[in-house]
file target-v2.cif (mmCIF, C-alpha atoms)
data_target
#
loop_
_atom_site.label_atom_id
_atom_site.label_comp_id
_atom_site.auth_asym_id
_atom_site.auth_seq_id
_atom_site.Cartn_x
_atom_site.Cartn_y
_atom_site.Cartn_z
CA MET A 127 0.00 0.00 0.00
CA GLU A 128 1.47 3.33 -1.04
CA LEU A 129 1.52 6.06 1.60
CA ARG A 130 3.91 8.74 0.35
CA ARG A 131 3.63 10.78 3.51
CA GLY A 132 6.28 13.13 4.80
CA ILE A 133 7.46 12.02 8.22
CA LEU A 134 7.60 15.68 9.26
CA LYS A 135 4.28 16.51 7.63
CA LYS A 136 2.76 17.80 10.85
CA ASN A 137 5.69 20.14 11.47
CA ASP A 138 5.75 21.26 7.84
CA GLU A 139 2.04 22.11 7.94
CA LEU A 140 2.43 24.08 11.17
CA ALA A 141 5.47 25.86 9.70
CA ALA A 142 3.50 26.80 6.59
CA GLY A 143 0.85 28.28 8.88
CA LEU A 144 3.49 30.28 10.75
CA ARG A 145 5.00 31.49 7.48
CA GLY A 146 1.58 32.84 6.52
CA ARG A 147 1.23 34.58 9.88
CA TYR A 148 4.67 36.20 9.60
CA ALA A 149 3.92 37.40 6.08
CA ALA A 150 0.54 38.82 7.05
CA ALA A 151 2.17 40.61 10.00
CA GLY A 152 5.01 41.96 7.83
CA VAL A 153 7.67 40.70 10.22
CA LEU A 154 10.99 39.29 9.03
CA VAL A 155 11.72 36.04 10.88
CA LEU A 156 15.20 34.55 11.18
CA ASN A 157 16.25 31.20 12.62
CA LEU A 158 19.76 31.21 14.10
CA VAL A 159 21.50 27.84 14.24
CA SER A 160 24.99 26.75 15.33
CA SER A 161 26.93 24.52 17.70
CA PRO A 162 26.71 25.31 21.41
CA GLY A 163 29.09 28.14 22.25
CA THR A 164 29.45 29.65 18.79
CA GLY A 165 28.04 32.97 19.93
CA LYS A 166 24.40 33.04 18.83
CA THR A 167 23.42 34.89 21.99
CA ALA A 168 26.31 37.36 21.74
CA LEU A 169 25.48 38.19 18.11
CA LEU A 170 21.81 38.49 18.96
CA GLU A 171 22.49 40.71 21.98
CA ARG A 172 24.39 43.10 19.74
CA THR A 173 21.88 42.84 16.89
CA LEU A 174 18.86 43.54 19.10
CA LYS A 175 20.58 46.49 20.76
CA ASP A 176 21.79 48.04 17.49
CA LEU A 177 18.51 47.50 15.62
CA LYS A 178 16.61 48.98 18.52
CA ALA A 179 18.91 52.01 18.47
CA LYS A 180 18.01 52.45 14.79
CA GLY A 181 14.35 52.51 15.74
CA ALA A 182 13.44 49.00 14.60
CA ARG A 183 10.91 46.95 16.53
CA VAL A 184 12.58 43.66 17.46
CA ALA A 185 11.90 40.59 19.58
CA ALA A 186 13.47 37.19 20.15
CA LEU A 187 12.49 33.66 21.03
CA VAL A 188 15.36 31.68 22.47
CA GLY A 189 15.56 27.91 22.72
CA ASP A 190 17.58 25.96 25.26
CA LEU A 191 17.22 22.59 26.93
CA GLU A 192 17.16 24.24 30.36
CA THR A 193 17.61 27.64 32.09
CA ASP A 194 16.48 31.09 31.08
CA ASN A 195 20.00 32.51 31.22
CA ASP A 196 20.02 33.48 27.54
CA ALA A 197 16.64 35.18 27.73
CA ARG A 198 17.78 37.21 30.71
CA ARG A 199 20.99 38.15 28.90
CA LEU A 200 19.07 39.23 25.80
CA ALA A 201 16.44 41.10 27.80
CA SER A 202 19.13 43.62 28.78
CA SER A 203 18.76 44.97 25.23
CA GLY A 204 15.29 46.16 26.21
CA ALA A 205 13.66 44.02 23.50
CA PRO A 206 10.94 41.52 24.41
CA VAL A 207 12.51 38.08 24.76
CA ARG A 208 10.85 34.78 25.53
CA GLN A 209 12.64 31.61 26.57
CA ILE A 210 11.60 28.23 25.21
CA ASN A 211 12.85 25.34 27.35
CA THR A 212 12.74 22.10 25.39
CA HIS A 213 13.60 19.89 28.41
CA GLY A 214 15.86 17.51 26.59
CA ILE A 215 14.63 17.93 23.04
CA CYS A 216 17.53 18.80 20.75
CA HIS A 217 15.76 21.28 18.46
CA LEU A 218 12.89 23.74 18.25
CA ASP A 219 9.86 22.77 16.19
CA ALA A 220 7.00 24.72 14.66
CA GLU A 221 4.58 23.70 17.40
CA MET A 222 6.82 25.15 20.13
CA ILE A 223 7.13 28.41 18.20
CA GLY A 224 3.37 28.66 17.69
CA LYS A 225 2.68 28.03 21.37
CA HIS A 226 5.18 30.65 22.51
CA LEU A 227 3.93 33.25 20.05
CA ASP A 228 0.41 32.79 21.34
CA GLY A 229 0.02 34.32 24.75
CA TRP A 230 3.28 36.25 24.58
CA GLU A 231 2.23 39.14 26.74
CA GLY A 232 2.79 42.55 25.23
CA VAL A 233 4.05 41.21 21.91
CA ALA A 234 1.98 41.23 18.72
CA LEU A 235 3.61 40.00 15.52
CA GLY A 236 2.01 42.86 13.58
CA GLU A 237 3.92 45.36 15.71
CA LEU A 238 7.34 43.84 15.00
CA ASP A 239 9.85 44.46 12.22
CA TYR A 240 12.15 41.55 13.11
CA LEU A 241 11.69 38.37 15.09
CA PHE A 242 14.82 36.34 15.83
CA ILE A 243 14.59 32.71 16.84
CA GLU A 244 17.72 31.41 18.54
CA ASN A 245 17.63 27.65 18.10
CA VAL A 246 19.06 25.04 20.46
CA GLY A 247 22.83 24.75 20.01
CA ASN A 248 23.06 21.75 17.69
CA LEU A 249 24.25 21.49 14.10
CA VAL A 250 22.27 18.36 13.23
CA CYS A 251 18.66 18.06 14.32
CA PRO A 252 17.42 21.67 13.87
CA SER A 253 18.14 21.36 10.14
CA SER A 254 15.10 19.08 9.73
CA TYR A 255 12.60 21.41 11.40
CA ASP A 256 11.12 24.28 9.43
CA LEU A 257 10.00 27.06 11.78
CA GLY A 258 8.41 29.06 8.99
CA GLU A 259 11.41 31.41 8.97
CA LYS A 260 12.33 33.52 5.97
CA ILE A 261 16.06 33.25 6.60
CA ARG A 262 18.06 30.51 8.25
CA VAL A 263 21.38 31.80 9.51
CA VAL A 264 24.16 29.37 10.36
CA LEU A 265 26.94 30.60 12.65
CA LEU A 266 30.51 29.37 12.76
CA SER A 267 33.08 30.68 15.25
CA VAL A 268 36.80 30.96 14.62
CA THR A 269 37.45 28.57 17.53
CA GLU A 270 35.62 25.71 15.83
CA GLY A 271 37.81 24.91 12.87
CA GLU A 272 37.41 25.73 9.21
CA ASP A 273 36.10 22.29 8.26
CA LYS A 274 32.86 22.53 10.23
CA PRO A 275 30.79 23.05 7.03
CA LEU A 276 32.22 19.81 5.62
CA LYS A 277 31.45 17.95 8.86
CA TYR A 278 27.88 19.24 9.05
CA PRO A 279 26.82 19.63 5.41
CA THR A 280 23.13 19.02 6.10
CA MET A 281 22.91 22.17 8.19
CA PHE A 282 25.18 24.39 6.13
CA ASN A 283 23.42 23.37 2.93
CA SER A 284 20.05 24.37 4.37
CA ALA A 285 21.18 27.87 5.41
CA ASP A 286 20.43 31.14 3.63
CA ALA A 287 23.27 33.11 5.21
CA ALA A 288 26.40 32.31 7.21
CA VAL A 289 27.99 34.38 9.97
CA ILE A 290 31.57 33.78 11.09
CA THR A 291 31.77 34.92 14.72
CA LYS A 292 34.53 35.90 17.18
CA MET A 293 36.67 37.41 14.41
CA ASP A 294 38.48 39.45 17.09
CA ILE A 295 40.32 36.28 18.19
CA ALA A 296 40.87 34.84 14.69
CA GLY A 297 44.61 35.55 14.95
CA PRO A 298 45.39 33.66 18.17
CA CYS A 299 43.18 30.79 16.91
CA GLU A 300 45.18 30.69 13.66
CA PHE A 301 41.86 30.71 11.87
CA ASP A 302 42.19 30.34 8.10
CA LEU A 303 39.41 32.64 6.89
CA GLU A 304 39.86 31.89 3.20
CA LEU A 305 39.64 28.15 3.82
CA ALA A 306 36.50 28.58 5.94
CA ARG A 307 34.88 30.67 3.19
CA LYS A 308 35.87 28.09 0.59
CA ASN A 309 34.37 25.24 2.65
CA ILE A 310 31.11 27.12 3.21
CA ASN A 311 30.90 27.80 -0.52
CA GLU A 312 31.59 24.18 -1.37
CA ILE A 313 28.57 23.09 0.68
CA ARG A 314 26.29 26.04 -0.04
CA PRO A 315 27.44 27.79 -3.21
CA GLY A 316 26.73 31.50 -3.42
CA ILE A 317 25.59 31.98 0.18
CA ARG A 318 26.18 35.41 1.82
CA ILE A 319 28.97 35.18 4.41
CA PHE A 320 29.52 37.77 7.15
CA GLU A 321 32.67 38.11 9.25
CA THR A 322 31.73 39.53 12.62
CA SER A 323 32.80 40.24 16.15
CA ALA A 324 29.97 41.00 18.54
CA LYS A 325 32.63 42.27 20.94
CA THR A 326 34.37 44.85 18.74
CA GLY A 327 31.44 45.43 16.40
CA ALA A 328 33.45 44.42 13.34
CA GLY A 329 31.21 43.39 10.44
CA ILE A 330 28.05 44.24 12.37
CA GLU A 331 27.05 47.16 10.14
CA GLU A 332 27.23 44.94 7.07
CA TRP A 333 25.13 42.30 8.85
CA LEU A 334 22.52 44.90 9.87
CA GLY A 335 22.48 46.20 6.30
CA TYR A 336 21.69 42.71 5.06
CA LEU A 337 18.84 42.39 7.56
CA ALA A 338 17.39 45.73 6.45
CA GLU A 339 17.58 44.69 2.79
CA ALA A 340 15.97 41.34 3.55
CA ARG A 341 13.20 43.10 5.38
CA LYS A 342 12.54 45.39 2.44
CA GLY A 343 12.37 42.36 0.20
CA ARG A 344 9.82 41.02 2.61
CA GLU A 345 7.63 44.05 2.31
CA SER A 346 7.71 44.33 -1.47
CA MET B 216 19.40 12.48 17.99
CA HIS B 217 15.87 13.19 16.82
CA GLU B 218 15.51 9.78 15.19
CA LEU B 219 13.28 8.44 17.95
CA SER B 220 10.76 11.26 17.52
CA LEU B 221 10.81 10.78 13.73
CA ILE B 222 10.26 7.05 14.05
CA THR B 223 7.49 7.58 16.60
CA SER B 224 5.78 9.73 13.98
CA VAL B 225 6.24 6.95 11.40
CA VAL B 226 4.66 4.41 13.74
CA GLU B 227 1.71 6.75 14.42
CA THR B 228 1.15 7.52 10.74
CA VAL B 229 1.29 3.87 9.73
CA SER B 230 -0.98 2.83 12.60
CA ASP B 231 -3.51 5.50 11.57
CA SER B 232 -3.44 4.27 7.98
CA LEU B 233 -4.62 0.84 9.17
CA ALA B 234 -8.00 2.21 10.29
CA ALA B 235 -9.70 0.64 7.26
CA TYR B 236 -8.09 -2.74 7.92
CA PRO B 237 -9.07 -3.83 11.43
CA GLY B 238 -6.78 -6.47 12.89
CA ALA B 239 -4.21 -6.07 10.13
CA ARG B 240 -0.52 -6.53 10.88
CA VAL B 241 2.27 -4.63 9.23
CA GLU B 242 4.98 -6.71 7.58
CA LYS B 243 7.15 -4.08 6.01
CA VAL B 244 7.55 -0.30 6.10
CA ARG B 245 9.57 1.40 3.41
CA LEU B 246 11.07 4.88 3.95
CA ARG B 247 12.67 7.29 1.50
CA VAL B 248 15.49 9.17 3.20
CA GLY B 249 17.60 11.74 1.38
CA ALA B 250 21.36 11.80 1.90
CA LEU B 251 20.95 15.33 3.30
CA ALA B 252 18.08 14.51 5.65
CA ALA B 253 20.29 14.65 8.76
CA VAL B 254 19.34 11.22 10.04
CA ILE B 255 21.32 8.04 10.52
CA PRO B 256 19.61 4.99 8.98
CA GLU B 257 21.10 2.62 11.60
CA THR B 258 19.72 4.81 14.38
CA LEU B 259 16.29 4.87 12.72
CA GLU B 260 16.34 1.07 12.60
CA PHE B 261 17.38 0.80 16.23
CA CYS B 262 14.61 3.19 17.32
CA TYR B 263 12.07 1.42 15.14
CA GLY B 264 12.27 -1.76 17.19
CA ILE B 265 11.51 0.21 20.34
CA ALA B 266 8.76 2.41 18.91
CA ALA B 267 6.98 -0.47 17.16
CA GLU B 268 6.62 -2.50 20.34
CA GLY B 269 2.99 -3.11 21.27
CA THR B 270 1.69 -1.69 17.97
CA PRO B 271 0.53 -3.42 14.77
CA LEU B 272 4.05 -2.72 13.49
CA GLU B 273 5.75 -4.94 16.07
CA GLY B 274 8.07 -7.43 14.41
CA SER B 275 7.82 -5.78 10.99
CA GLN B 276 10.75 -4.96 8.78
CA LEU B 277 11.94 -1.40 8.19
CA VAL B 278 13.46 -0.80 4.77
CA ILE B 279 15.27 2.49 4.21
CA ASP B 280 16.02 3.64 0.69
CA VAL B 281 18.71 6.30 0.86
CA LEU B 282 18.38 8.78 -2.00
CA PRO B 283 21.50 10.50 -3.32
CA VAL B 284 21.60 14.26 -3.69
CA VAL B 285 20.57 15.53 -7.11
CA VAL B 286 21.72 19.04 -8.02
CA HIS B 287 20.44 21.27 -10.79
CA CYS B 288 23.13 22.94 -12.90
CA GLU B 289 22.01 26.29 -14.29
CA PRO B 290 24.56 26.52 -17.18
CA CYS B 291 24.11 22.86 -18.27
CA GLY B 292 20.39 22.83 -17.58
CA LEU B 293 20.89 19.31 -16.24
CA ASP B 294 19.93 17.50 -13.05
CA SER B 295 22.71 15.18 -11.86
CA GLU B 296 23.37 12.92 -8.93
CA ILE B 297 26.43 13.88 -6.91
CA GLU B 298 28.64 11.53 -4.98
CA GLY B 299 28.61 12.16 -1.24
CA ILE B 300 27.66 15.46 0.38
CA GLN B 301 30.99 17.23 0.57
CA SER B 302 30.87 19.25 -2.61
CA PHE B 303 27.83 20.61 -4.42
CA ARG B 304 29.06 20.93 -7.97
CA CYS B 305 27.78 19.77 -11.35
CA PRO B 306 29.60 16.49 -12.13
CA LYS B 307 29.57 17.42 -15.83
CA CYS B 308 31.02 20.94 -15.79
CA GLY B 309 32.20 21.49 -12.20
CA GLU B 310 30.03 24.59 -11.69
CA PRO B 311 28.82 25.12 -8.08
CA CYS B 312 25.11 24.30 -7.77
CA SER B 313 22.90 26.00 -5.20
CA GLU B 314 19.70 24.28 -6.28
CA LEU B 315 18.81 20.79 -5.07
CA ARG B 316 16.34 18.51 -6.82
CA GLN B 317 16.63 15.61 -4.38
CA GLY B 318 18.32 14.74 -1.11
CA ARG B 319 16.20 16.15 1.73
CA GLU B 320 13.41 13.55 1.57
CA LEU B 321 12.09 12.14 4.81
CA GLU B 322 9.04 10.15 3.74
CA ILE B 323 7.09 7.00 4.33
CA ASP B 324 7.01 5.46 0.87
CA SER B 325 4.82 2.38 1.29
CA ILE B 326 3.79 -0.37 3.66
CA GLU B 327 3.01 -4.05 3.26
CA ILE B 328 0.31 -5.48 5.48
CA GLU B 329 -1.29 -8.79 6.23
CA GLU B 330 -5.02 -8.37 6.64
CA ALA B 331 -6.86 -10.18 9.44
CA ASP B 332 -8.97 -12.22 6.98
CA GLU B 333 -6.10 -12.86 4.57
CA VAL B 334 -5.92 -16.54 5.47
CA LYS B 335 -9.60 -17.08 4.68
CA ARG B 336 -9.37 -15.54 1.21
#
call {"tool": "encode", "arguments": {"input": "target-v2.cif", "output": "structure tokens"}}
result
Amino acid sequence: MELRRGILKKNDELAAGLRGRYAAAGVLVLNLVSSPGTGKTALLERTLKDLKAKGARVAALVGDLETDNDARRLASSGAPVRQINTHGICHLDAEMIGKHLDGWEGVALGELDYLFIENVGNLVCPSSYDLGEKIRVVLLSVTEGEDKPLKYPTMFNSADAAVITKMDIAGPCEFDLELARKNINEIRPGIRIFETSAKTGAGIEEWLGYLAEARKGRES
Amino acid sequence: MHELSLITSVVETVSDSLAAYPGARVEKVRLRVGALAAVIPETLEFCYGIAAEGTPLEGSQLVIDVLPVVVHCEPCGLDSEIEGIQSFRCPKCGEPCSELRQGRELEIDSIEIEEADEVKR
């Protein structure tokens, strides 16, 4: 008997629903994925603060197995932030996002310009779960080694943009930037790559410019 | 390690599809899994034994067809299978390919069942 059913059909349907909601609200939604410790929270802290300073309306959902440490860190930016604790689950899924958007006190999608979703630190499982995002951003830090894209091709191939983080310590780490760029391009040809340091602010303007462009594309 | 939740979903979907065949037992479940689907076939098989326990799928065979990645080459206008998942280039001309035509599948393809009244027929 033929079934031909997607195993993730339920998630895909929920994600399609979310995508419709984001579009109707005119909010640009990004899904940030990386290994644990790459600097998703640091980049997001900086991004929320700088976008807010430019007058943009921003918010973030942040996924972790346990603790609300990241949400508290991000809340210092003044932007609304909501923690999602997965309690052992290695990824966020569309159902979790939907539940946390509903009943998020004081936050209406229609009043946001950008919504950032910080996924659970994991370069494998989150690649299978569509959250309805417009842009999936994969992060790679200079401490991780240039061959990470080759080791985790399923994630890097599914990304729409890549951010190399902690560029301020690239020297001491003997990070080979050209090799990293080449490896990313081998797995995901033509992807936009940003070289950033959340600490010094290097590359952040270019990153914010990309977000603004992407948002305009969203509106048109 | 999200294989167990994926397999649990497979077991649920297959069990639901048996609604029209009361008492039927599943003999074989066939999956289509792309090389870029981020799952390990061996782990799926291991989890299957656990998830199938106490369901009409208990004791059935799980067959996993792994599908290679197929890229679309803009200049050549061709779809081609690539070997492995380390380099996404057209095997004919070497051009980098950003468009995939196959490789992310995560599907239940088909099932084989034994109906309750099969012996009588």
call {"tool": "closest_residue", "arguments": {"input": "target-v2.cif", "among": "B:Gln317, B:Pro256, B:His287, B:Pro311", "to": "chain A", "atoms": "all atoms listed in the file"}}
result
B:Pro311
call {"tool": "residues_around", "arguments": {"input": "target-v2.cif", "residues": "Val226 in chain B", "least_positions_apart": "2", "cutoff": "12 Å", "atoms": "all atoms listed in the file", "output": "PyMOL selection string"}}
result
(chain A and resi 133) or (chain B and resi 219-224+228-233+241+243-246+259+262-273+275+277+323+326)
call {"tool": "interface_residues", "arguments": {"input": "target-v2.cif", "of": "chain A", "to": "chain B", "cutoff": "9 Å", "atoms": "all atoms listed in the file", "output": "ChimeraX atom specification"}}
result
/A:127-135,215-217,250-251,253-254,275-281,283,309,311-317
call {"tool": "atom_distance", "arguments": {"input": "target-v2.cif", "atom1": "CA of Gly204 in chain A", "atom2": "CA of Pro162 in chain A"}}
result
24.3 Å
call {"tool": "residues_near_point", "arguments": {"input": "target-v2.cif", "point": "(19.7, 39.2, 23.6)", "cutoff": "6 Å", "atoms": "all atoms listed in the file", "output": "list in words"}}
result
Thr167, Leu170, Glu171, Arg199, Leu200 and Ala201 of chain A
call {"tool": "residues_around", "arguments": {"input": "target-v2.cif", "residues": "Glu139 in chain A", "least_positions_apart": "5", "cutoff": "12 Å", "atoms": "only C-alpha atoms", "output": "ChimeraX atom specification"}}
result
/A:132-134,144-146,219-221,224,255-258
call {"tool": "resolve_selection", "arguments": {"input": "target-v2.cif", "expression": "the PyMOL selection byres ((chain A and resi 187-194) around 7)", "output": "list in words"}}
result
Ala186, Asn195, Asp196, Ala197, Arg198, Val207, Arg208, Gln209, Ile210, Asn211, Thr212, His213, Gly214, Ile215, Leu218, Phe242, Ile243, Glu244, Asn245 and Val246 of chain A
call {"tool": "atom_distance", "arguments": {"input": "target-v2.cif", "atom1": "CA of Tyr240 in chain A", "atom2": "CA of Arg183 in chain A"}}
result
6.5 Å
call {"tool": "atom_distance", "arguments": {"input": "target-v2.cif", "atom1": "CA of Gly236 in chain A", "atom2": "CA of Ala205 in chain A"}}
result
15.3 Å
call {"tool": "residues_around", "arguments": {"input": "target-v2.cif", "residues": "Asp294 in chain A", "least_positions_apart": "4", "cutoff": "12 Å", "atoms": "only C-alpha atoms", "output": "PyMOL selection string"}}
result
chain A and resi 267-269+290+298-301+321-329
call {"tool": "residues_near_point", "arguments": {"input": "target-v2.cif", "point": "(26.6, 42.8, 5.5)", "cutoff": "10 Å", "atoms": "all atoms listed in the file", "output": "list of chain:residue names"}}
result
A:Val289, A:Arg318, A:Ile319, A:Phe320, A:Glu321, A:Thr322, A:Gly329, A:Ile330, A:Glu331, A:Glu332, A:Trp333, A:Leu334, A:Gly335, A:Tyr336, A:Leu337, A:Ala338, A:Glu339
call {"tool": "residues_around", "arguments": {"input": "target-v2.cif", "residues": "Pro237 in chain B", "least_positions_apart": "5", "cutoff": "10 Å", "atoms": "only C-alpha atoms", "output": "short mmCIF file (atom, residue, chain, number, x, y, z; two decimals) with C-alpha atoms, in the frame of the given file"}}
result
data_model
loop_
_atom_site.label_atom_id
_atom_site.label_comp_id
_atom_site.auth_asym_id
_atom_site.auth_seq_id
_atom_site.Cartn_x
_atom_site.Cartn_y
_atom_site.Cartn_z
CA GLU B 330 -5.02 -8.37 6.64
CA ALA B 331 -6.86 -10.18 9.44
CA ASP B 332 -8.97 -12.22 6.98
#
call {"tool": "closest_residue", "arguments": {"input": "target-v2.cif", "among": "A:Asp138, A:Asp228, A:Glu304, A:Asp239", "to": "Gly181 in chain A", "atoms": "only C-alpha atoms"}}
result
A:Asp239
call {"tool": "axis_aligned_box", "arguments": {"input": "target-v2.cif", "around": "range 242-259 of chain B", "padding_each_side": "6 Å", "output": "AutoDock Vina command-line options"}}
result
--center_x 13.2 --center_y 4.3 --center_z 7.9 --size_x 28.4 --size_y 34.0 --size_z 25.0
